[in-house]
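Participant: I'd like to ask you about the structure that follows.
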Amino acid sequence: MIEDYTEGTGTAVVGGTEQRASRSLVALLWPIALVGALLSLIPLWLGDSRVMMGVAVLGLTFACYAVGFNLIFGSTGQLFLCVGALAGIGGYGSAILADRVGLPLLLSILLATLASSVFGGLLSWIAVRRSLGVIFTGIITLIFSLVFGNLLLGAAGVTGGDGGFHIQAGADTFLRQTIPPYYLMLALVLIFLLTHGLLRRSHIGWAFRALRDDEVAAELAGVNVALYRVTAAVIGAAMLGLAGSLFALTEGTISPTTYGFAQVDVETMVLLAFGGIGTLFGPVLGAAVFTVINELIQDLGQLRLLVYGALIIALFLWVPRGIIPTMGDLIRRRNE
Amino acid sequence: MIANLLDGIVLGLQFGLLAGGLTLVYGLGGVLNLAYGQMAVLSAMAVVLSMEAGLAPIPAVAVGLVAGGLLGLLLDLTILRPVYRLQGEARVLLSLLLTLGMAFMVDGFLTWRYPTKALTLRIGGGPVEILGVRMVRGGVVASVITILVLSGLLIFFRKTTLGRAIRSVIEDEQGARLVGIDPQRMLRLILVLTGVLAALVAVTRSLVTPVAVTAGFELTVSALIVTVVGGLGSVGGAIFAGILLGIISTFAASSIGTVLSLIILLLAAAVTILIRPSGLLGVKE
Amino acid sequence: MLEVRGLTAGYQGGDVIRDIGFHVDEGEAVMIIGSNGAGKTSLFRAVLGLLQPSSGDVVFQDEGIGGLAAQRIARLGISFVPAERHLFPRMTVQDNLALGAYPNRPDPTTMKVVLDLFPRLAERRRQHAGTMSGGEQQMLAVGRALMSEPRLLVLDEPTTGLAPKLAAEAYQALRALKENGLTILVAEQQVPLAMALSDRGYVLENGVISKEGTSADLAKDPDVRRSYLGIA
């Protein structure tokens, strides 16, 4: 699955515009369909094991996180180091609204997702208004993450503190079965990919590329940089919130480490950087590879961290720009 | 009241020293070292192991400082090599990812090999009275050491040729090259120096509270936040911000408990960054 | 003293200067003139190690320096004053000058010579470089370059951003330096000023040297008169 940014964005010849657009839609749909088809086979292989399906669901959740993060960071250059926190707002939000407030489950999910989205948009709006660069946006959102984590501990009466709590809502539905959650998360991944892909192909995507390449030039060309940044953050944060919410509901338990900075943000950033920041399928490829890696080094106990660190170093020394862009270069060079 | 203020200064000075190291490397080389806290912890473990091997505390501390410096050198000679080939944001990002990997490796190794070890240095004698307040002797000694080191650093950067040369690279790298300064060598020097500083933070902290093998991440994050509040690349700003945040933190901790105080500290940092993105003492780009 | 042969260099988009050859002899002042975008800055960057040449030789005092890092070339006795000056804005005038002598401590005699040449700098020794006017910054940049007691002083458009009066003053200072025996290589758009200073000159057009000669001859050349001196 090699992605080429420029494909489908060339200047359209008058009269050929529609045809070109529909062809580019097909060019977007078939790889997503292929990914979906391949991944839908996994339960045939691992469906017997509740543990392995759990691992697979977690992998898909990370793919979702990575798509959301990719939309915000990869497409508009905002380093959101609060992936876990935004997912946590979705997760804790829906669990608390459903269990403690007693709202219907679907409404809870919707409201919690909305809350993540609002927070994401707010953070982006602040960053844009104050013209924070990559590093400063990173620091502000990192602070947001740490505040969120501490609030979870501080408000133990509602959140269950360090240990979290068991979620009652959805307990006897398909959400807690072995295989259905897998397809639920897979559907989510595909919808997110399609959303991101469509955004990139619309004029919003054109603006994304313009402002990632050269913000000043983009602004001069009439791109409303602020609007596109905030839009990307609102959509991306909604993805994070929804994924975080559904993941918690399929797990049936929730705790601060479910959304911890070290557990979620670091992993998401690493797997996306490995797959290729800004590429459409980087999140899926990265999530797949790192899910397998994590599974392989699971038995190492504390040494797991050491191996994980060594892997991060090795991967980025080997492919500092990520696997998809690097492969793309290799193939292009061979063709020349 | 005064006790809180003094405690805050003790904590703040350590924040300042920690952030000073991070800010120098960033300002000089565009490298964000996320393994900085782990460098401190590794140095602390070097002290612990030396003492267990029978060394007296002071030589053991010397071993720790040397270890810190060597770690800085090692970073420069190994995983930062590919980082140096990049420029701008790509450089920051790769340095961040590679040092993060390093941090995981260190954490993994230490929690596997020495899961329960911690560095605690005790100084004999009772509390010291300052401004009518009885202060723990270890804290006072730690502060005195930190103040001496920070003053030494400021003198080094303002008065010596080498110190000025290092500052000149932060100011204008190309200008520095034109007068014959090799930025790469200055960066290596600073990595060694900040390694020693990290070790020093571990040692002075251990006079107040145990430094455990798992302390790395927290140290790095504190340093990062203090650095940004003070202004990236500004050592004076790092010290100032460190003391400010140290005081806020101890006041909040004594009045409303640690979890909330941490939140207040974080929010104070966020507000400062938003009001002055260039940092308290930083210069607008 | 300095000899450049067949120098070609550029950026990713392609070569900016091609097959450049020129030389500067001891005690001479040599100018390189050309319009904006002719490649003067790229030429100097390539000679001084700030831009990697793709081919060609640069020899300074019988030693090949092509492709050496800028900081090594600086230590061999060539001081470069770029058009953007590259001062250290948050350091004092005095510290800027002192760093010019790096890695040595500043020599008091040299410091006195520089401050006598630019009395304004003496008045503002403790001021931060970044807070000074354009003319003062230019003086400081030249002063810093002189602190290492260079054999050769290279200046890229020293009059950039200066009012005509200040530009003339800058060239007066350069003339004084030349009379003291310093070898000077200068790139300039304000050709009359450079012509009055220099013994010889080269005309750079679209990345290649199109003419060379003594400054007196170049001043008589009809093309040069038309293009660079504004005389029909």
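We name chains A, B, ... following the order of the structure tokens; residues begin at 1 in each chain, and ligands are numbered from 1 as shown.
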Running DSSP on the backbone, which parts of segment 131-267 of chain B land in alpha helix (DSSP H), as a count of residues only?
Facilitator: 111
Participant: Could you tell me which residues of chain B sit within 10 Å of chain C when counting only C-alpha atoms, and give me the result as JSON, numbers by chain?
Facilitator: {"B": [158, 159, 160, 161, 162, 164, 165, 167, 168, 169, 170, 171, 172, 173, 174, 175, 176, 177, 178, 179, 180, 181, 182, 183, 283]}
Participant: Up to 9 Å from chain A, what residues of chain B turn up? Count only C-alpha atoms and give them as a ChimeraX atom specification.
Facilitator: /B:79,82,89-90,92,94,97-113,224-225,228,259-260,262-264,266-267,269-270,273-275,277
Participant: For segment 68-79 of chain A, find every residue with an atom within 6 Å (counting only C-alpha atoms), except residues of its own chain fewer than 6 positions away, and show them as a PyMOL selection string.
Facilitator: chain A and resi 134+137-138+208+212+229+232-233+236+239-240+277-278
Participant: At a cut-off of 7 Å, using only C-alpha atoms, what residues contact segment 235-244 of chain B? Leave out same-chain residues fewer than 4 positions from it and give the result as an MDAnalysis selection string.
Facilitator: chainID B and resid 8:9 12:13 15:17 19:20 23:24 226:227 229:231 248 280:282
Participant: Find the residues around Ala29 of chain C up to 12 Å (only C-alpha atoms counted), leave out those fewer than 4 positions away in its own chain, and share them as JSON, numbers by chain.
Facilitator: {"C": [1, 2, 23, 24, 25, 152, 153, 154, 155, 171, 174, 175, 176, 177, 178, 179, 180, 181, 182, 183, 184, 185, 186, 187, 194, 195, 196, 197, 198, 199, 200, 201, 202, 214, 215]}
Participant: Suppose we keep N, CA, C and O atoms; can you now write the selection as a tab-separated table (two decimals), in the first residue's frame?
Facilitator:
```tsv
chain	number	residue	atom	x	y	z
C	1	MET	N	47.61	34.78	-3.26
C	1	MET	CA	47.19	34.49	-1.90
C	1	MET	C	45.96	33.57	-1.90
C	1	MET	O	45.96	32.51	-1.29
C	2	LEU	N	44.92	34.00	-2.65
C	2	LEU	CA	43.73	33.16	-2.80
C	2	LEU	C	43.55	32.88	-4.28
C	2	LEU	O	43.60	33.80	-5.10
C	23	HIS	N	41.53	35.19	-8.79
C	23	HIS	CA	42.58	35.15	-7.79
C	23	HIS	C	42.72	36.50	-7.11
C	23	HIS	O	42.32	37.54	-7.65
C	24	VAL	N	43.24	36.47	-5.91
C	24	VAL	CA	43.48	37.69	-5.14
C	24	VAL	C	44.93	37.63	-4.68
C	24	VAL	O	45.34	36.63	-4.06
C	25	ASP	N	45.72	38.65	-5.01
C	25	ASP	CA	47.12	38.65	-4.58
C	25	ASP	C	47.29	39.43	-3.28
C	25	ASP	O	46.43	40.24	-2.91
C	152	LEU	N	43.26	37.80	5.03
C	152	LEU	CA	42.34	38.18	3.95
C	152	LEU	C	40.97	38.48	4.55
C	152	LEU	O	40.45	37.69	5.34
C	153	LEU	N	40.41	39.63	4.17
C	153	LEU	CA	39.08	40.00	4.64
C	153	LEU	C	38.11	39.89	3.45
C	153	LEU	O	38.34	40.49	2.41
C	154	VAL	N	37.07	39.10	3.61
C	154	VAL	CA	36.09	38.92	2.54
C	154	VAL	C	34.77	39.53	2.99
C	154	VAL	O	34.28	39.22	4.08
C	155	LEU	N	34.21	40.41	2.18
C	155	LEU	CA	32.94	41.06	2.55
C	155	LEU	C	31.91	40.85	1.45
C	155	LEU	O	32.19	41.08	0.28
C	171	TYR	N	33.06	52.30	3.30
C	171	TYR	CA	34.16	52.12	2.34
C	171	TYR	C	35.39	52.93	2.72
C	171	TYR	O	36.52	52.53	2.41
C	174	LEU	N	37.22	50.69	4.95
C	174	LEU	CA	37.88	49.62	4.20
C	174	LEU	C	39.15	50.14	3.52
C	174	LEU	O	40.17	49.45	3.47
C	175	ARG	N	39.07	51.38	3.01
C	175	ARG	CA	40.25	51.95	2.36
C	175	ARG	C	41.39	52.08	3.37
C	175	ARG	O	42.55	51.76	3.07
C	176	ALA	N	41.05	52.53	4.58
C	176	ALA	CA	42.07	52.66	5.63
C	176	ALA	C	42.72	51.31	5.90
C	176	ALA	O	43.94	51.20	6.05
C	177	LEU	N	41.88	50.27	5.93
C	177	LEU	CA	42.41	48.92	6.19
C	177	LEU	C	43.35	48.49	5.07
C	177	LEU	O	44.40	47.89	5.30
C	178	LYS	N	42.95	48.80	3.86
C	178	LYS	CA	43.76	48.41	2.71
C	178	LYS	C	45.12	49.12	2.75
C	178	LYS	O	46.16	48.53	2.50
C	179	GLU	N	45.07	50.39	3.12
C	179	GLU	CA	46.33	51.15	3.18
C	179	GLU	C	47.25	50.59	4.25
C	179	GLU	O	48.47	50.71	4.16
C	180	ASN	N	46.67	49.95	5.25
C	180	ASN	CA	47.50	49.29	6.26
C	180	ASN	C	47.99	47.93	5.82
C	180	ASN	O	48.57	47.19	6.61
C	181	GLY	N	47.69	47.55	4.59
C	181	GLY	CA	48.26	46.32	4.06
C	181	GLY	C	47.34	45.11	4.07
C	181	GLY	O	47.76	44.01	3.72
C	182	LEU	N	46.07	45.30	4.46
C	182	LEU	CA	45.16	44.15	4.50
C	182	LEU	C	44.66	43.82	3.08
C	182	LEU	O	44.37	44.71	2.29
C	183	THR	N	44.61	42.53	2.78
C	183	THR	CA	44.08	42.09	1.49
C	183	THR	C	42.56	41.98	1.60
C	183	THR	O	42.06	41.43	2.58
C	184	ILE	N	41.87	42.51	0.60
C	184	ILE	CA	40.41	42.58	0.70
C	184	ILE	C	39.75	42.01	-0.56
C	184	ILE	O	40.20	42.28	-1.68
C	185	LEU	N	38.71	41.20	-0.35
C	185	LEU	CA	37.88	40.72	-1.45
C	185	LEU	C	36.45	41.12	-1.13
C	185	LEU	O	35.95	40.80	-0.05
C	186	VAL	N	35.82	41.87	-2.04
C	186	VAL	CA	34.49	42.37	-1.72
C	186	VAL	C	33.53	42.14	-2.89
C	186	VAL	O	33.90	42.31	-4.05
C	187	ALA	N	32.32	41.70	-2.55
C	187	ALA	CA	31.26	41.61	-3.57
C	187	ALA	C	30.35	42.80	-3.35
C	187	ALA	O	30.03	43.14	-2.22
C	194	ALA	N	32.76	50.29	-4.74
C	194	ALA	CA	33.72	49.20	-4.81
C	194	ALA	C	34.85	49.53	-5.78
C	194	ALA	O	36.01	49.19	-5.56
C	195	MET	N	34.49	50.23	-6.86
C	195	MET	CA	35.48	50.55	-7.87
C	195	MET	C	36.55	51.48	-7.32
C	195	MET	O	37.74	51.37	-7.64
C	196	ALA	N	36.10	52.41	-6.47
C	196	ALA	CA	37.05	53.37	-5.91
C	196	ALA	C	38.02	52.69	-4.95
C	196	ALA	O	39.14	53.14	-4.76
C	197	LEU	N	37.59	51.59	-4.36
C	197	LEU	CA	38.44	50.90	-3.39
C	197	LEU	C	39.41	49.93	-4.06
C	197	LEU	O	40.57	49.81	-3.67
C	198	SER	N	38.92	49.26	-5.13
C	198	SER	CA	39.63	48.06	-5.58
C	198	SER	C	40.68	48.35	-6.64
C	198	SER	O	40.63	49.35	-7.34
C	199	ASP	N	41.65	47.40	-6.73
C	199	ASP	CA	42.65	47.46	-7.78
C	199	ASP	C	42.15	46.75	-9.03
C	199	ASP	O	42.38	47.19	-10.14
C	200	ARG	N	41.50	45.60	-8.79
C	200	ARG	CA	41.03	44.80	-9.92
C	200	ARG	C	39.60	44.37	-9.65
C	200	ARG	O	39.13	44.48	-8.50
C	201	GLY	N	38.96	43.84	-10.69
C	201	GLY	CA	37.60	43.40	-10.47
C	201	GLY	C	37.16	42.32	-11.43
C	201	GLY	O	37.81	42.07	-12.46
C	202	TYR	N	36.10	41.63	-11.07
C	202	TYR	CA	35.49	40.60	-11.91
C	202	TYR	C	34.02	40.90	-12.00
C	202	TYR	O	33.41	41.35	-11.03
C	214	THR	N	41.52	45.45	-14.56
C	214	THR	CA	41.77	46.41	-13.50
C	214	THR	C	40.52	47.26	-13.34
C	214	THR	O	39.71	47.40	-14.26
C	215	SER	N	40.37	47.81	-12.18
C	215	SER	CA	39.17	48.60	-11.92
C	215	SER	C	39.09	49.77	-12.88
C	215	SER	O	38.01	50.14	-13.35
```
Participant: So that I can see what lies close to segment 205-213 of chain B, please list as a ChimeraX atom specification the residues with an atom at most 7 Å from it, counting only C-alpha atoms and leaving out residues fewer than 3 positions away in the same chain.
Facilitator: /B:41,110-111,115,117-122,138-139,142,201-202
Participant: Could you dump the residues just selected with C-alpha atoms as a compact mmCIF listing (two decimals), in the first residue's frame?
Facilitator:
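Writing done, so here's part-v8.txt:
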```txt
# COMPACT_ATOMS: atom_id res chain seq x y z
CA VAL B 41 18.79 8.12 37.50
CA LEU B 110 17.03 -0.60 35.67
CA THR B 111 13.62 -1.95 36.68
CA PRO B 115 13.95 -2.96 40.76
CA LYS B 117 17.26 0.33 44.49
CA ALA B 118 17.16 4.03 45.32
CA LEU B 119 19.78 6.63 46.13
CA THR B 120 19.47 8.24 49.55
CA LEU B 121 22.28 10.35 50.90
CA ARG B 122 22.08 11.51 54.49
CA GLY B 138 20.11 17.88 53.68
CA GLY B 139 17.85 20.37 51.93
CA ALA B 142 21.51 20.61 48.50
CA VAL B 201 20.52 16.91 40.33
CA ALA B 202 20.23 13.24 41.29
```
Participant: Show me, as a PyMOL selection string, the residues that have an atom within 6 Å of segment 83-87 of chain A when counting only C-alpha atoms, minus same-chain residues fewer than 2 positions from it.
Facilitator: chain A and resi 81+89-90+116+145+240-241+244+259-261+264-265
Participant: Can you tell me, as a VMD selection string, which residues in segment 8-119 of chain C count as strand (DSSP E or B) by DSSP?
Facilitator: chain C and resid 8 to 11 14 to 24 29 to 33 55 to 60 63 to 64 78 to 81 92
Participant: Could you take the residues named above and write them with C-alpha atoms, as a PDB file, in the first residue's frame?
Facilitator:
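Result written to again_12.pdb:
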```
ATOM      1  CA  THR C   8      30.964  25.028  -9.440  1.00  0.00           C
ATOM      2  CA  ALA C   9      28.377  24.978  -6.678  1.00  0.00           C
ATOM      3  CA  GLY C  10      24.680  25.251  -6.068  1.00  0.00           C
ATOM      4  CA  TYR C  11      21.668  23.982  -4.230  1.00  0.00           C
ATOM      5  CA  GLY C  14      20.888  23.102  -9.753  1.00  0.00           C
ATOM      6  CA  ASP C  15      24.187  24.914 -10.043  1.00  0.00           C
ATOM      7  CA  VAL C  16      24.133  28.592  -9.196  1.00  0.00           C
ATOM      8  CA  ILE C  17      27.759  29.323 -10.091  1.00  0.00           C
ATOM      9  CA  ARG C  18      29.666  27.502 -12.804  1.00  0.00           C
ATOM     10  CA  ASP C  19      33.345  27.125 -13.505  1.00  0.00           C
ATOM     11  CA  ILE C  20      34.431  30.222 -11.635  1.00  0.00           C
ATOM     12  CA  GLY C  21      38.099  31.218 -11.638  1.00  0.00           C
ATOM     13  CA  PHE C  22      39.658  34.246  -9.996  1.00  0.00           C
ATOM     14  CA  HIS C  23      42.583  35.152  -7.786  1.00  0.00           C
ATOM     15  CA  VAL C  24      43.485  37.691  -5.144  1.00  0.00           C
ATOM     16  CA  ALA C  29      41.690  44.828  -3.031  1.00  0.00           C
ATOM     17  CA  VAL C  30      39.579  42.849  -5.501  1.00  0.00           C
ATOM     18  CA  MET C  31      35.896  43.381  -6.222  1.00  0.00           C
ATOM     19  CA  ILE C  32      33.313  41.055  -7.633  1.00  0.00           C
ATOM     20  CA  ILE C  33      30.429  42.982  -9.086  1.00  0.00           C
ATOM     21  CA  SER C  55      33.748  20.728  -8.216  1.00  0.00           C
ATOM     22  CA  GLY C  56      36.745  23.021  -8.439  1.00  0.00           C
ATOM     23  CA  ASP C  57      39.684  24.094  -6.291  1.00  0.00           C
ATOM     24  CA  VAL C  58      40.099  26.818  -3.715  1.00  0.00           C
ATOM     25  CA  VAL C  59      43.710  27.438  -2.697  1.00  0.00           C
ATOM     26  CA  PHE C  60      44.677  29.802   0.094  1.00  0.00           C
ATOM     27  CA  GLU C  63      46.864  25.125   0.826  1.00  0.00           C
ATOM     28  CA  GLY C  64      43.743  23.566  -0.687  1.00  0.00           C
ATOM     29  CA  ILE C  78      40.292  34.376   6.244  1.00  0.00           C
ATOM     30  CA  SER C  79      37.590  36.469   7.869  1.00  0.00           C
ATOM     31  CA  PHE C  80      34.213  36.647   6.204  1.00  0.00           C
ATOM     32  CA  VAL C  81      31.604  39.354   6.749  1.00  0.00           C
ATOM     33  CA  THR C  92      27.468  42.936  24.064  1.00  0.00           C
TER      34      THR C  92
END
```
